[in-house]
Every structure is written in structure tokens, then in C-alpha cells.
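Below: one structure, written as C-alpha cells.
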Amino acid sequence: MVQVKSMIKKGTLLFLGTGASMGIPVIGCFCEVCKSEDQHNMRFRSSILCTINEQRLLVDCGPDFRQQALKHDIDLVDGVIFTHAHNDHTAGIDELRVICLRSGKPIPCLLSADTAKDLKIRFGYIFEESDPYAGLVPRLGMQEFERDRGEVVFQGVRIGYTSYRQLGMRVDGLRFGDLAYVSDIKDYHESIFTDLKGIKTLVLSALRF
């Protein structure tokens with residue numbers, strides 16, 4: 001875990017997954033890494049759990065979320081932040097229903113308007129006004145980033161954000177005090193260096209040189 005300081009009273013960051021979109025090992029791959037028995041080479045899809053001022057914030061909910069939650073004894077989250085809409089960051093969204101059932105209320109979610117639009121298309125059954133599934137779907141309360149970069153208060157936590165692009169899709173990097181989480185970055189504006197000024201711990205995707 002990484003200690004999160006500055007702007008917040010107390011925080012920890014837990015890496016739930018650090019793998020690429022297909023996870024590691026990759027299905028059908030027989031390379032040295034994928035056949036390795038080293039636990040460092042068995043990596044779930046990328047996601048983190050930030051606990052800040054007693055608020056548990058899940059960042060991304062990919063297809064491995066069920067296994068991640070079981071491994072780390074995650075029974076409740078106070079909010080979910082989606083960095084973008086790619087499948088490896090959102091495909092576990094239906095696994096949030098048990099958390100909704102346990103809490104008895106929708107899970108607050110923070111995301112961009114682009115990501116919200118995509119989720120409403122791919123997971124339309126979650127957003128139907130009627131309830132044909134008798135409550136057996138996750139209920140999400142949506143809070144959208146208002147601009148391309150700035151700050152927002154989510155679940156009582158002040159979070160900085162800056163947007164960039166990967167494969168034409170908007171992705172949002174996050175700042176918690178002096179820690180930044182910048183996933184899936186490819187094309188970015190020079191303003192990102194201003195947004196990251198003063199960062200002491202930078203979590204950065206590094207899929208390729």
C-alpha cells in the first residue's frame with residue numbers, strides 16, 4: 001500500500017490488479033511469463049482501492065473484480081470511479097449488485113460524460129427506469145466530471161483529474177493529494193505536467209516503451 005498525504009487526513013492505496021487488458025497469464029499463451037509460477041506474473045486487470053478519510057473508493061471495475069474482492073475481503077465500497085469505458089475497466093460492473101443489495105442503496109459513481117454514455121449503451125439494463133429484474137442489478141448514482149481537467153469533491157474527498165486519450169477514447173487520470181493514478185495514457189496535452197506538479201508518487205501505465 002502507498003500512503004496518501006497532503007489535502008487528505010489519511011489514506012491508503014491497494015493495487016487490486018496491474019495487468020494489461022487480457023490479464024496475465026494470457027489464455028493460450030505458453031511464453032515464459034505466462035507459464036511462470038511466480039505470483040508476480042499472475043496479475044488481474046488494472047484496478048485500485050483507495051481508502052481516504054474512511055471512504056473506500058474503487059477505481060475501475062473490470063472483469064476480475066469478483067476475484068479481487070474475494071482475495072482482499074472487500075464487502076462494501078463507498079464509491080466507484082471509472083477512468084474510462086474500455087472493457088477491462090468496466091466489465092465487472094454487474095458484480096457490484098451484491099454491494100448494492102448489502103447497502104440497500106445505489107453506489108455513487110464518478111466518471112466522464114463520455115464514459116457514462118458508453119456504459120448506458122453497453123449496460124442498458126442497469127439504467128432502465130422500470131425494474132424487470134426485481135432489484136437484481138446494480139444501481140449506480142452518476143456524478144460526471146464537468147470539464148476536461150480540474151477538481152471535484154466525491155464522497156467527501158477532493159480529487160483532482162486530468163483527461164487524455166487512448167485509442168480515441170477519453171481517459172481520466174486521478175490525483176489524491178500528492179499521489180496520482182494515470183492509467184492507459186497515450187495521447188496527452190502539455191497541461192498534464194501542470195496538473196501533476198507536486199506529485200510525490202506517480203502510478204503510471206507502462207505497457208510499452
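Residues in the C-alpha cells are named by chain (A, B, ... in the order shown) and by number from 1 within that chain; ligands are numbered from 1 in the order shown.
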
Would you write out, as a tab-separated table, a table of all residues in segment 116-178 of chain A that have an atom no more than 9 Å from an atom of segment 85-98 of chain A, listing for each the closest atom pair and the distance in Å to one decimal, considering only C-alpha atoms and ordering rows by chain and rising residue number?
residue	atom	partner	partner_atom	distance
A:Ala116	CA	A:Ala85	CA	8.0
A:Asp118	CA	A:Ala85	CA	6.5
A:Leu119	CA	A:Ala85	CA	6.9
A:Phe123	CA	A:Ile93	CA	8.6
A:Ile126	CA	A:Asp94	CA	8.5
A:Gly135	CA	A:Arg97	CA	8.6
A:Leu136	CA	A:Arg97	CA	6.7
A:Val137	CA	A:Arg97	CA	5.3
A:Pro138	CA	A:Arg97	CA	3.8
A:Arg139	CA	A:Arg97	CA	7.1
A:Met169	CA	A:Ala85	CA	8.0
A:Arg170	CA	A:Ala85	CA	8.4
A:Val171	CA	A:Ala85	CA	8.1

* **Contact residues around Gly160 of chain A with only C-alpha atoms at 7 Å, ignoring same-chain residues under 5 positions, as a ChimeraX atom specification** => /A:150-152,174-176

* Just asking: which residues within segment 78-167 of chain A are strand (DSSP E or B) according to DSSP, as a list of chain:residue names? ->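 Selection result, strand (DSSP E or B) within segment 78-167 of chain A: A:Gly79, A:Val80, A:Ile81, A:Ile107, A:Pro108, A:Cys109, A:Leu110, A:Leu111, A:Leu140, A:Gly141, A:Met142, A:Gln143, A:Glu144, A:Arg149, A:Gly150, A:Glu151, A:Val152, A:Val153, A:Phe154, A:Val157, A:Arg158, A:Ile159, A:Gly160, A:Tyr161, A:Thr162, A:Ser163, A:Tyr164, A:Arg165, A:Gln166.
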
Dump of N, CA, C and O atoms for the selected residues, as a short mmCIF file (atom, residue, chain, number, x, y, z; two decimals), in the first residue's frame:
data_model
loop_
_atom_site.label_atom_id
_atom_site.label_comp_id
_atom_site.auth_asym_id
_atom_site.auth_seq_id
_atom_site.Cartn_x
_atom_site.Cartn_y
_atom_site.Cartn_z
N GLY A 79 -17.88 4.26 -3.10
CA GLY A 79 -18.00 4.91 -4.40
C GLY A 79 -17.10 4.23 -5.40
O GLY A 79 -16.14 3.54 -5.04
N VAL A 80 -17.42 4.40 -6.67
CA VAL A 80 -16.63 3.84 -7.77
C VAL A 80 -16.27 4.96 -8.73
O VAL A 80 -17.12 5.77 -9.10
N ILE A 81 -15.01 5.02 -9.11
CA ILE A 81 -14.55 5.99 -10.12
C ILE A 81 -14.15 5.20 -11.36
O ILE A 81 -13.34 4.27 -11.28
N ILE A 107 -24.82 2.81 -5.66
CA ILE A 107 -23.41 3.12 -5.44
C ILE A 107 -23.08 4.41 -6.19
O ILE A 107 -23.27 4.49 -7.40
N PRO A 108 -22.57 5.43 -5.50
CA PRO A 108 -22.16 6.65 -6.19
C PRO A 108 -21.01 6.35 -7.15
O PRO A 108 -20.07 5.62 -6.80
N CYS A 109 -21.09 6.91 -8.36
CA CYS A 109 -20.04 6.69 -9.36
C CYS A 109 -19.59 8.04 -9.92
O CYS A 109 -20.42 8.92 -10.17
N LEU A 110 -18.29 8.17 -10.13
CA LEU A 110 -17.70 9.38 -10.70
C LEU A 110 -17.07 9.00 -12.03
O LEU A 110 -16.27 8.05 -12.10
N LEU A 111 -17.41 9.74 -13.09
CA LEU A 111 -16.94 9.37 -14.42
C LEU A 111 -17.19 10.53 -15.38
O LEU A 111 -17.90 11.48 -15.05
N LEU A 140 -26.58 2.50 -9.86
CA LEU A 140 -25.47 3.43 -9.84
C LEU A 140 -25.98 4.86 -9.82
O LEU A 140 -26.84 5.24 -10.61
N GLY A 141 -25.42 5.66 -8.93
CA GLY A 141 -25.70 7.09 -8.92
C GLY A 141 -24.56 7.81 -9.61
O GLY A 141 -23.42 7.73 -9.18
N MET A 142 -24.85 8.50 -10.71
CA MET A 142 -23.81 9.03 -11.59
C MET A 142 -23.48 10.49 -11.28
O MET A 142 -24.38 11.34 -11.23
N GLN A 143 -22.21 10.77 -11.08
CA GLN A 143 -21.70 12.14 -10.96
C GLN A 143 -20.63 12.31 -12.03
O GLN A 143 -19.65 11.57 -12.06
N GLU A 144 -20.81 13.28 -12.92
CA GLU A 144 -19.91 13.43 -14.06
C GLU A 144 -18.88 14.54 -13.84
O GLU A 144 -19.17 15.55 -13.20
N ARG A 149 -10.41 18.92 -17.17
CA ARG A 149 -9.44 18.85 -16.07
C ARG A 149 -9.91 19.77 -14.96
O ARG A 149 -10.64 20.74 -15.20
N GLY A 150 -9.55 19.45 -13.73
CA GLY A 150 -9.98 20.28 -12.62
C GLY A 150 -9.99 19.48 -11.33
O GLY A 150 -9.24 18.52 -11.15
N GLU A 151 -10.87 19.88 -10.41
CA GLU A 151 -11.03 19.21 -9.13
C GLU A 151 -12.52 18.97 -8.88
O GLU A 151 -13.37 19.71 -9.36
N VAL A 152 -12.80 17.93 -8.12
CA VAL A 152 -14.18 17.60 -7.79
C VAL A 152 -14.19 17.00 -6.39
O VAL A 152 -13.23 16.37 -5.97
N VAL A 153 -15.27 17.23 -5.66
CA VAL A 153 -15.46 16.58 -4.37
C VAL A 153 -16.40 15.40 -4.57
O VAL A 153 -17.54 15.56 -5.03
N PHE A 154 -15.91 14.22 -4.26
CA PHE A 154 -16.68 12.99 -4.45
C PHE A 154 -16.65 12.20 -3.15
O PHE A 154 -15.59 11.86 -2.64
N VAL A 157 -14.38 13.55 -0.56
CA VAL A 157 -12.95 13.54 -0.85
C VAL A 157 -12.66 14.44 -2.04
O VAL A 157 -13.32 14.33 -3.09
N ARG A 158 -11.71 15.36 -1.89
CA ARG A 158 -11.34 16.23 -3.01
C ARG A 158 -10.38 15.48 -3.93
O ARG A 158 -9.33 15.01 -3.50
N ILE A 159 -10.76 15.39 -5.19
CA ILE A 159 -9.99 14.62 -6.18
C ILE A 159 -9.67 15.51 -7.37
O ILE A 159 -10.55 16.17 -7.93
N GLY A 160 -8.42 15.55 -7.76
CA GLY A 160 -8.03 16.22 -8.98
C GLY A 160 -8.14 15.25 -10.16
O GLY A 160 -8.01 14.04 -9.99
N TYR A 161 -8.41 15.79 -11.34
CA TYR A 161 -8.49 14.91 -12.51
C TYR A 161 -7.96 15.64 -13.74
O TYR A 161 -8.02 16.87 -13.84
N THR A 162 -7.43 14.87 -14.66
CA THR A 162 -6.94 15.41 -15.93
C THR A 162 -7.22 14.37 -17.01
O THR A 162 -7.06 13.17 -16.78
N SER A 163 -7.71 14.80 -18.16
CA SER A 163 -8.10 13.86 -19.20
C SER A 163 -7.07 13.81 -20.33
O SER A 163 -6.34 14.77 -20.59
N TYR A 164 -7.02 12.66 -20.96
CA TYR A 164 -6.14 12.42 -22.11
C TYR A 164 -6.80 11.36 -22.97
O TYR A 164 -7.97 11.00 -22.72
N ARG A 165 -6.10 10.85 -23.97
CA ARG A 165 -6.74 9.92 -24.91
C ARG A 165 -5.94 8.63 -25.05
O ARG A 165 -4.72 8.61 -24.97
N GLN A 166 -6.69 7.55 -25.25
CA GLN A 166 -6.10 6.28 -25.64
C GLN A 166 -7.01 5.65 -26.68
O GLN A 166 -8.20 5.44 -26.43
#

Using only C-alpha atoms, I'd like a table of the residues in segment 136-193 of chain A that come within 12 Å of segment 16-29 of chain A; for each, show the closest atom pair and its distance in Å rounded to one decimal, ordered by chain and ascending number, as JSON lines.
{"residue": "A:Tyr181", "atom": "CA", "partner": "A:Thr18", "partner_atom": "CA", "distance": 11.9}
{"residue": "A:Ser183", "atom": "CA", "partner": "A:Thr18", "partner_atom": "CA", "distance": 9.9}
{"residue": "A:Asp184", "atom": "CA", "partner": "A:Ala20", "partner_atom": "CA", "distance": 9.5}

Saved selection, atoms kept: N, CA, C and O atoms, as a PDB file, in the first residue's frame:
ATOM      1  N   TYR A 181      -2.780   8.728 -10.126  1.00  0.00           N
ATOM      2  CA  TYR A 181      -3.004   7.435 -10.777  1.00  0.00           C
ATOM      3  C   TYR A 181      -3.343   7.720 -12.231  1.00  0.00           C
ATOM      4  O   TYR A 181      -4.418   8.241 -12.543  1.00  0.00           O
ATOM      5  N   SER A 183      -3.672   5.939 -15.673  1.00  0.00           N
ATOM      6  CA  SER A 183      -3.793   4.652 -16.362  1.00  0.00           C
ATOM      7  C   SER A 183      -4.087   4.858 -17.840  1.00  0.00           C
ATOM      8  O   SER A 183      -4.726   5.832 -18.229  1.00  0.00           O
ATOM      9  N   ASP A 184      -3.606   3.932 -18.668  1.00  0.00           N
ATOM     10  CA  ASP A 184      -3.969   3.887 -20.093  1.00  0.00           C
ATOM     11  C   ASP A 184      -3.718   5.211 -20.804  1.00  0.00           C
ATOM     12  O   ASP A 184      -4.580   5.711 -21.532  1.00  0.00           O
TER      13      ASP A 184
END

* To do: Could you find all residues in segment 74-188 of chain A that DSSP calls alpha helix (DSSP H) from the backbone, and write them as number ranges by chain?
  => A: 87-90, 97-103, 113-122

Just-selected residues, C-alpha atoms written as a PDB file, in the first residue's frame:
ATOM      1  CA  ASN A  87     -13.958  -3.455 -21.221  1.00  0.00           C
ATOM      2  CA  ASP A  88     -11.025  -4.321 -18.955  1.00  0.00           C
ATOM      3  CA  HIS A  89     -12.025  -1.395 -16.705  1.00  0.00           C
ATOM      4  CA  THR A  90     -15.821  -1.841 -16.694  1.00  0.00           C
ATOM      5  CA  ARG A  97     -25.030  -5.687  -7.393  1.00  0.00           C
ATOM      6  CA  VAL A  98     -24.184  -7.645  -4.228  1.00  0.00           C
ATOM      7  CA  ILE A  99     -22.762  -4.436  -2.749  1.00  0.00           C
ATOM      8  CA  CYS A 100     -25.961  -2.573  -3.642  1.00  0.00           C
ATOM      9  CA  LEU A 101     -28.022  -5.325  -2.061  1.00  0.00           C
ATOM     10  CA  ARG A 102     -25.893  -5.219   1.068  1.00  0.00           C
ATOM     11  CA  SER A 103     -26.007  -1.437   1.419  1.00  0.00           C
ATOM     12  CA  ALA A 113     -19.915  12.125 -19.733  1.00  0.00           C
ATOM     13  CA  ASP A 114     -18.253  10.071 -22.497  1.00  0.00           C
ATOM     14  CA  THR A 115     -17.812   7.095 -20.176  1.00  0.00           C
ATOM     15  CA  ALA A 116     -21.366   7.416 -18.844  1.00  0.00           C
ATOM     16  CA  LYS A 117     -22.770   7.416 -22.385  1.00  0.00           C
ATOM     17  CA  ASP A 118     -20.840   4.263 -23.250  1.00  0.00           C
ATOM     18  CA  LEU A 119     -21.909   2.430 -20.077  1.00  0.00           C
ATOM     19  CA  LYS A 120     -25.570   3.275 -20.684  1.00  0.00           C
ATOM     20  CA  ILE A 121     -25.317   1.648 -24.106  1.00  0.00           C
ATOM     21  CA  ARG A 122     -23.433  -1.483 -23.068  1.00  0.00           C
TER      22      ARG A 122
END

* To do: Go through A:Ile48, A:Leu202, A:Ala69, A:Cys61 one by one, measure the shortest atom-to-atom distance of each to Leu14 of chain A using only C-alpha atoms, and give the residue with the smallest value.
  => A:Ile48

* Work out how far apart atom CA of Leu204 of chain A and atom CA of Leu167 of chain A are and give it in Å to one decimal. => 17.0 Å

* Got a sec: who's within 9 Å of Val77 of chain A, counting only C-alpha atoms, leaving out chain neighbours fewer than 5 positions off, as a list in words? ->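 Surrounding residues, per the criterion: Leu49, Gln55, Arg56, Leu57, Leu58, Ile99 and Ile107 of chain A.
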
Dump N, CA, C and O atoms for the selected residues as an mmCIF file, in the first residue's frame?
data_model
loop_
_atom_site.group_PDB
_atom_site.id
_atom_site.type_symbol
_atom_site.label_atom_id
_atom_site.label_comp_id
_atom_site.auth_asym_id
_atom_site.auth_seq_id
_atom_site.Cartn_x
_atom_site.Cartn_y
_atom_site.Cartn_z
ATOM 1 N N LEU A 49 -7.969 0.198 -5.017
ATOM 2 C CA LEU A 49 -8.920 0.578 -3.982
ATOM 3 C C LEU A 49 -8.248 1.621 -3.104
ATOM 4 O O LEU A 49 -7.232 1.339 -2.457
ATOM 5 N N GLN A 55 -13.321 6.609 3.576
ATOM 6 C CA GLN A 55 -14.129 6.351 2.384
ATOM 7 C C GLN A 55 -13.390 5.375 1.476
ATOM 8 O O GLN A 55 -12.238 5.611 1.098
ATOM 9 N N ARG A 56 -14.049 4.270 1.132
ATOM 10 C CA ARG A 56 -13.434 3.261 0.260
ATOM 11 C C ARG A 56 -13.872 3.513 -1.182
ATOM 12 O O ARG A 56 -15.047 3.326 -1.518
ATOM 13 N N LEU A 57 -12.932 3.950 -1.996
ATOM 14 C CA LEU A 57 -13.221 4.315 -3.379
ATOM 15 C C LEU A 57 -12.553 3.324 -4.321
ATOM 16 O O LEU A 57 -11.328 3.212 -4.363
ATOM 17 N N LEU A 58 -13.371 2.620 -5.070
ATOM 18 C CA LEU A 58 -12.874 1.673 -6.065
ATOM 19 C C LEU A 58 -12.633 2.416 -7.365
ATOM 20 O O LEU A 58 -13.515 3.125 -7.855
ATOM 21 N N ILE A 99 -23.056 -5.569 -3.628
ATOM 22 C CA ILE A 99 -22.762 -4.436 -2.749
ATOM 23 C C ILE A 99 -23.980 -3.546 -2.612
ATOM 24 O O ILE A 99 -24.292 -3.050 -1.524
ATOM 25 N N ILE A 107 -24.823 2.810 -5.664
ATOM 26 C CA ILE A 107 -23.415 3.117 -5.441
ATOM 27 C C ILE A 107 -23.077 4.405 -6.185
ATOM 28 O O ILE A 107 -23.269 4.494 -7.401
#

* Top pick for closest residue to Thr201 of chain A, considering A:Asp148, A:His189, A:Ile52, A:Val182 and counting only C-alpha atoms ->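 Smallest distance to Thr201 of chain A is found for A:Val182.
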
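You can rank A:Asp187, A:Asp73, A:Glu37, A:Asp172 by their closest distance to Asp60 of chain A using only C-alpha atoms, and at the top of that list sits A:Asp172.
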